[in-house]
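A.B. asks: Dumping the structure here so I can ask a few things about it.
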Amino acid sequence: MRTIVITGAAAGIGRETAKLFARKGNRVIVADIDELGAEAVVRELEAAGGQARAYRLDVRSEAEWESFGRWVRAEFGWADVLVNNAGVMDLGGFVETTVAQWQRMVDIDLMSVVYGSRVFARLMIDAGVRGHIVNLASAAAFLPSKLDPAYGVVKAAVLMATQSLRIELRRHDIGVTAICPGVIQTNLLAHGERNGVSAAEQEQWREQVGSLQADIAYAGPDKVARVIERSVRHNWAVVPVNPEAWFIYGLLRLSPTLARVIPSVLSFERADKLLELGKPLLDQLVKGKVGS
């Protein structure tokens with residue numbers, strides 16, 4: 001039986017990935033800073049006949065990653081697959097995003113990948129297993145934007161770190177994959193921050209944009225989970241998810257200049273206006289789908 005470690009597994013993509021690997025007969029370690037949420041997922045997996053353990057992990061802490069690795073070694077010997085899924089998405093212009101806000105993105109979205117990959121790559125190498133590491137990047141890694149520069153920067157770094165690690169671990173028969181989703185039905189934006197606004201404005205924005213993400217995304221986290229599982233089986237290198245992610249990926253390779261020009265027309269003012277105009281229509285469409 002393989003041991004699969006998944007971070008941010010209490011909800012969204014992580015939860016669906018845990019469910020999929022458990023259904024396929026793997027032991028799943030549900031790691032999340034939300035300990036109660038992780039335990040709830042474990043109960044769900046066990047009720048369906050799977051094997052799972054919960055582990056509280058703050059992915060920002062190198063010390064906690066080291067302790068986590070020692071626990072996995074003591075309990076199971078090694079991990080066969082690590083899925084670095086935990087992350088947040090904050091929006092805000094490059095200049096209006098404070099240094100502390102930049103650091104939050106770096107700590108959660110980038111350094112967690114660095115810490116986790118180092119700890120579990122060592123476990124895999126020491127055990128001599130043909131393991132696999134999956135890092136969740138994003139289509140934002142391909143697209144410079146005024147709306148989410150911090151998120152795009154750290155996800156681009158995750159993408160490059162993943163490819164560098166893939167080259168290094170090849171001689172150990174350890175695969176490494178970067179998954180780059182587009183717009184997915186998760187609570188990523190609803191749990192994020194809007195930099196450069198007041199607390200009251202941020203709460204209003206979070207409510208609006210969180211529901212908007214659910215309305216416009218046509219793919220759920222289960223789709224990303226299936227891509228992750230296939231990527232582990234086939235040892236794919238970089239995998240965009242959804243047509244918009246593939247389009248952005250192709251556009252960047254075809255014309256980097258055009259990939260910069262197109263998003264330059266976007267701004268928070270235009271986005272807010274589109275949100276104001278389009279939200280009532282989206283609400284009606286969603287009601288129509290629910291009622292049909």
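Each chain of the structure tokens is named A, B, ... in the order shown, its residues numbered from 1; ligands are numbered from 1 in display order.
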Per residue of region 150-181 of chain A within 10 Å of region 87-101 of chain A, record the nearest atom pair and its distance in Å to one decimal, counting only C-alpha atoms, with rows in chain order and ascending residue number, as CSV.
C.D. replies:
residue,atom,partner,partner_atom,distance
A:Ala150,CA,A:Phe94,CA,6.9
A:Tyr151,CA,A:Met89,CA,6.1
A:Gly152,CA,A:Met89,CA,9.3
A:Lys155,CA,A:Gly87,CA,9.9
A.B. asks: In Å, how far is it from CA of His234 (chain A) to CA of Gly175 (chain A)?
C.D. replies: 9.1 Å
A.B. asks: Just the residues within 12 Å of Phe142 (chain A), please, counting only C-alpha atoms, with nothing from its chain fewer than 5 positions along; format it as a ChimeraX atom specification.
C.D. replies: /A:137,149,151-160,180-182,238,240,244-256,259-260,263
A.B. asks: Just the number, please: distance in Å from CA of Val81 (chain A) to CA of Leu110 (chain A), one decimal.
C.D. replies: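 Distance reported for this atom pair: 18.7 Å.
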A.B. asks: Extract, using only C-alpha atoms, all DNA, RNA and protein residues at most 9 Å from Leu82 (chain A), discarding same-chain residues fewer than 3 positions from it, and format them as a PyMOL selection string.
C.D. replies: chain A and resi 3-7+79+116-117+120-121+131-135
A.B. asks: Give the answer as one residue: which of A:Val83, A:Ala219, A:Leu45, A:Leu20 has the shortest atom-to-atom distance to Ile179 (chain A), using only C-alpha atoms?
C.D. replies: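 Checking each candidate against Ile179 (chain A), we get A:Val83 as the closest.
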A.B. asks: Compile the contact shell of Gly14 (chain A) as a PDB file with C-alpha atoms, in the first residue's frame: residues with an atom at most 9 Å away, counting only C-alpha atoms, same-chain residues fewer than 3 positions apart removed.
C.D. replies:
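Written file, selection_10.pdb:
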ATOM      1  CA  ILE A   6      -1.488  15.848   0.660  1.00  0.00           C
ATOM      2  CA  THR A   7      -1.293  19.351   2.132  1.00  0.00           C
ATOM      3  CA  GLY A   8      -4.265  21.684   2.284  1.00  0.00           C
ATOM      4  CA  ALA A   9      -6.371  18.520   2.177  1.00  0.00           C
ATOM      5  CA  ALA A  10      -9.208  19.685   4.434  1.00  0.00           C
ATOM      6  CA  ALA A  11     -11.075  21.269   1.514  1.00  0.00           C
ATOM      7  CA  THR A  17      -7.377  14.444  -4.320  1.00  0.00           C
ATOM      8  CA  ALA A  18      -7.393  12.641  -0.979  1.00  0.00           C
ATOM      9  CA  LYS A  19     -10.720  11.004  -1.832  1.00  0.00           C
ATOM     10  CA  VAL A  30      -4.549  14.529   5.268  1.00  0.00           C
ATOM     11  CA  VAL A  83       1.097  16.668  -3.176  1.00  0.00           C
ATOM     12  CA  ASN A  84       2.013  20.245  -2.237  1.00  0.00           C
ATOM     13  CA  ASN A  85      -1.468  21.702  -2.589  1.00  0.00           C
ATOM     14  CA  ALA A  86      -1.824  24.186   0.275  1.00  0.00           C
ATOM     15  CA  PRO A 221     -11.713  20.386  -7.788  1.00  0.00           C
ATOM     16  CA  ALA A 225      -7.659  15.652  -8.594  1.00  0.00           C
TER      17      ALA A 225
END
A.B. asks: CA of Leu169 (chain A) and CA of Val129 (chain A) are how many Å apart?
C.D. replies: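 Going from CA of Leu169 (chain A) over to CA of Val129 (chain A) covers 11.6 Å.
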A.B. asks: Which residues are near Trp78 (chain A)? Cut-off 7 Å, only C-alpha atoms, ignore same chain within fewer than 6 positions. Put them as a short mmCIF file (atom, residue, chain, number, x, y, z; two decimals) with N, CA and C atoms, in the first residue's frame.
C.D. replies:
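Listing of selection-v9.cif after writing:
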data_model
loop_
_atom_site.label_atom_id
_atom_site.label_comp_id
_atom_site.auth_asym_id
_atom_site.auth_seq_id
_atom_site.Cartn_x
_atom_site.Cartn_y
_atom_site.Cartn_z
N VAL A 72 6.24 10.81 9.63
CA VAL A 72 5.94 9.91 8.52
C VAL A 72 6.95 8.77 8.47
N LEU A 123 13.36 11.72 2.17
CA LEU A 123 12.77 10.45 2.62
C LEU A 123 12.74 9.44 1.48
N MET A 124 12.31 9.89 0.31
CA MET A 124 12.22 9.00 -0.85
C MET A 124 13.60 8.49 -1.27
N ALA A 127 14.94 5.98 1.23
CA ALA A 127 14.23 4.70 1.17
C ALA A 127 14.43 3.99 -0.16
#
A.B. asks: Given only C-alpha atoms as the basis, pick out the residue of A:Leu136, A:Ala54, A:Leu258, A:Ala38 nearest to Trp71 (chain A).
C.D. replies: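 Closest candidate: A:Ala54.
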A.B. asks: Given only C-alpha atoms as the basis, pick out the residue of A:Val183, A:Val227, A:Ala178, A:Val59 nearest to Ile108 (chain A).
C.D. replies: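 Of the candidates, the smallest distance to Ile108 (chain A) is held by A:Val59.
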A.B. asks: What are the DSSP strand (DSSP E or B) residues of region 10-214 of chain A, as a PyMOL selection string?
C.D. replies: chain A and resi 27-32+51-56+81-84+91+132-136+175-181+184+194
A.B. asks: Take the residues from that selection and write them out as a short mmCIF file (atom, residue, chain, number, x, y, z; two decimals), in the first residue's frame, keeping N, CA and C atoms.
C.D. replies:
data_model
loop_
_atom_site.label_atom_id
_atom_site.label_comp_id
_atom_site.auth_asym_id
_atom_site.auth_seq_id
_atom_site.Cartn_x
_atom_site.Cartn_y
_atom_site.Cartn_z
N ARG A 27 -3.07 4.66 1.25
CA ARG A 27 -3.17 5.29 2.56
C ARG A 27 -2.92 6.78 2.39
N VAL A 28 -3.81 7.62 2.88
CA VAL A 28 -3.71 9.06 2.64
C VAL A 28 -3.45 9.80 3.95
N ILE A 29 -2.46 10.67 3.95
CA ILE A 29 -2.18 11.55 5.08
C ILE A 29 -2.80 12.91 4.75
N VAL A 30 -3.82 13.28 5.50
CA VAL A 30 -4.55 14.53 5.27
C VAL A 30 -3.91 15.61 6.13
N ALA A 31 -3.07 16.42 5.55
CA ALA A 31 -2.33 17.44 6.28
C ALA A 31 -2.96 18.81 6.04
N ASP A 32 -3.21 19.55 7.12
CA ASP A 32 -3.83 20.86 6.97
C ASP A 32 -3.67 21.62 8.28
N GLN A 51 -8.21 4.19 3.99
CA GLN A 51 -7.30 4.35 5.12
C GLN A 51 -6.71 5.74 5.10
N ALA A 52 -6.77 6.45 6.21
CA ALA A 52 -6.31 7.83 6.24
C ALA A 52 -5.91 8.23 7.65
N ARG A 53 -5.03 9.20 7.73
CA ARG A 53 -4.62 9.80 9.00
C ARG A 53 -4.62 11.31 8.82
N ALA A 54 -4.96 12.01 9.88
CA ALA A 54 -4.94 13.48 9.87
C ALA A 54 -3.66 13.97 10.54
N TYR A 55 -3.16 15.10 10.05
CA TYR A 55 -1.97 15.70 10.66
C TYR A 55 -2.10 17.22 10.55
N ARG A 56 -1.98 17.90 11.71
CA ARG A 56 -2.02 19.36 11.68
C ARG A 56 -0.66 19.90 11.24
N VAL A 81 4.09 9.47 -2.43
CA VAL A 81 3.67 10.64 -3.20
C VAL A 81 3.45 11.80 -2.24
N LEU A 82 3.97 12.96 -2.60
CA LEU A 82 3.69 14.21 -1.88
C LEU A 82 2.97 15.15 -2.83
N VAL A 83 1.82 15.66 -2.41
CA VAL A 83 1.10 16.67 -3.18
C VAL A 83 1.12 17.97 -2.39
N ASN A 84 1.93 18.92 -2.86
CA ASN A 84 2.01 20.25 -2.24
C ASN A 84 0.87 21.10 -2.79
N LEU A 91 -5.26 39.24 -3.99
CA LEU A 91 -5.24 40.14 -5.13
C LEU A 91 -4.83 41.54 -4.67
N HIS A 132 7.00 10.29 -6.08
CA HIS A 132 6.56 11.38 -6.96
C HIS A 132 6.18 12.58 -6.10
N ILE A 133 6.55 13.76 -6.57
CA ILE A 133 6.19 15.02 -5.92
C ILE A 133 5.36 15.85 -6.89
N VAL A 134 4.21 16.29 -6.44
CA VAL A 134 3.32 17.14 -7.25
C VAL A 134 3.20 18.50 -6.57
N ASN A 135 3.50 19.55 -7.32
CA ASN A 135 3.37 20.91 -6.79
C ASN A 135 2.27 21.65 -7.55
N LEU A 136 1.37 22.27 -6.79
CA LEU A 136 0.30 23.04 -7.41
C LEU A 136 0.80 24.44 -7.74
N GLY A 175 9.67 11.16 -9.75
CA GLY A 175 9.02 12.08 -10.67
C GLY A 175 8.60 13.37 -9.98
N VAL A 176 8.50 14.44 -10.75
CA VAL A 176 8.07 15.73 -10.22
C VAL A 176 7.17 16.40 -11.26
N THR A 177 6.02 16.90 -10.81
CA THR A 177 5.04 17.49 -11.72
C THR A 177 4.56 18.83 -11.20
N ALA A 178 4.38 19.79 -12.12
CA ALA A 178 3.73 21.06 -11.80
C ALA A 178 2.33 21.04 -12.41
N ILE A 179 1.32 21.21 -11.56
CA ILE A 179 -0.07 21.31 -12.00
C ILE A 179 -0.45 22.78 -12.05
N CYS A 180 -1.03 23.21 -13.17
CA CYS A 180 -1.34 24.63 -13.37
C CYS A 180 -2.83 24.81 -13.68
N PRO A 181 -3.67 24.84 -12.64
CA PRO A 181 -5.11 24.98 -12.89
C PRO A 181 -5.48 26.37 -13.39
N ILE A 184 -11.17 27.30 -11.02
CA ILE A 184 -11.75 26.09 -10.46
C ILE A 184 -12.75 26.48 -9.36
N ARG A 194 -7.86 41.11 -0.32
CA ARG A 194 -7.77 42.15 -1.36
C ARG A 194 -6.92 43.26 -0.79
#
A.B. asks: Step one, run DSSP on the backbone; step two, keep only residues of region 33-268 of chain A assigned to helix (DSSP H, G or I); then write them as JSON, numbers by chain.
C.D. replies: {"A": [35, 36, 37, 38, 39, 40, 41, 42, 43, 44, 45, 46, 47, 62, 63, 64, 65, 66, 67, 68, 69, 70, 71, 72, 73, 74, 75, 76, 99, 100, 101, 102, 103, 104, 105, 106, 107, 108, 109, 110, 111, 112, 113, 114, 115, 116, 117, 118, 119, 120, 121, 122, 123, 124, 125, 126, 127, 139, 140, 141, 142, 149, 150, 151, 152, 153, 154, 155, 156, 157, 158, 159, 160, 161, 162, 163, 164, 165, 166, 167, 168, 169, 170, 171, 172, 199, 200, 201, 202, 203, 204, 205, 206, 207, 208, 209, 210, 211, 212, 213, 214, 215, 216, 221, 222, 223, 224, 225, 226, 227, 228, 229, 230, 231, 232, 233, 234, 243, 244, 245, 246, 247, 248, 249, 250, 251, 252, 253, 254, 256, 257, 258, 259, 260, 261, 262, 263, 264, 268]}
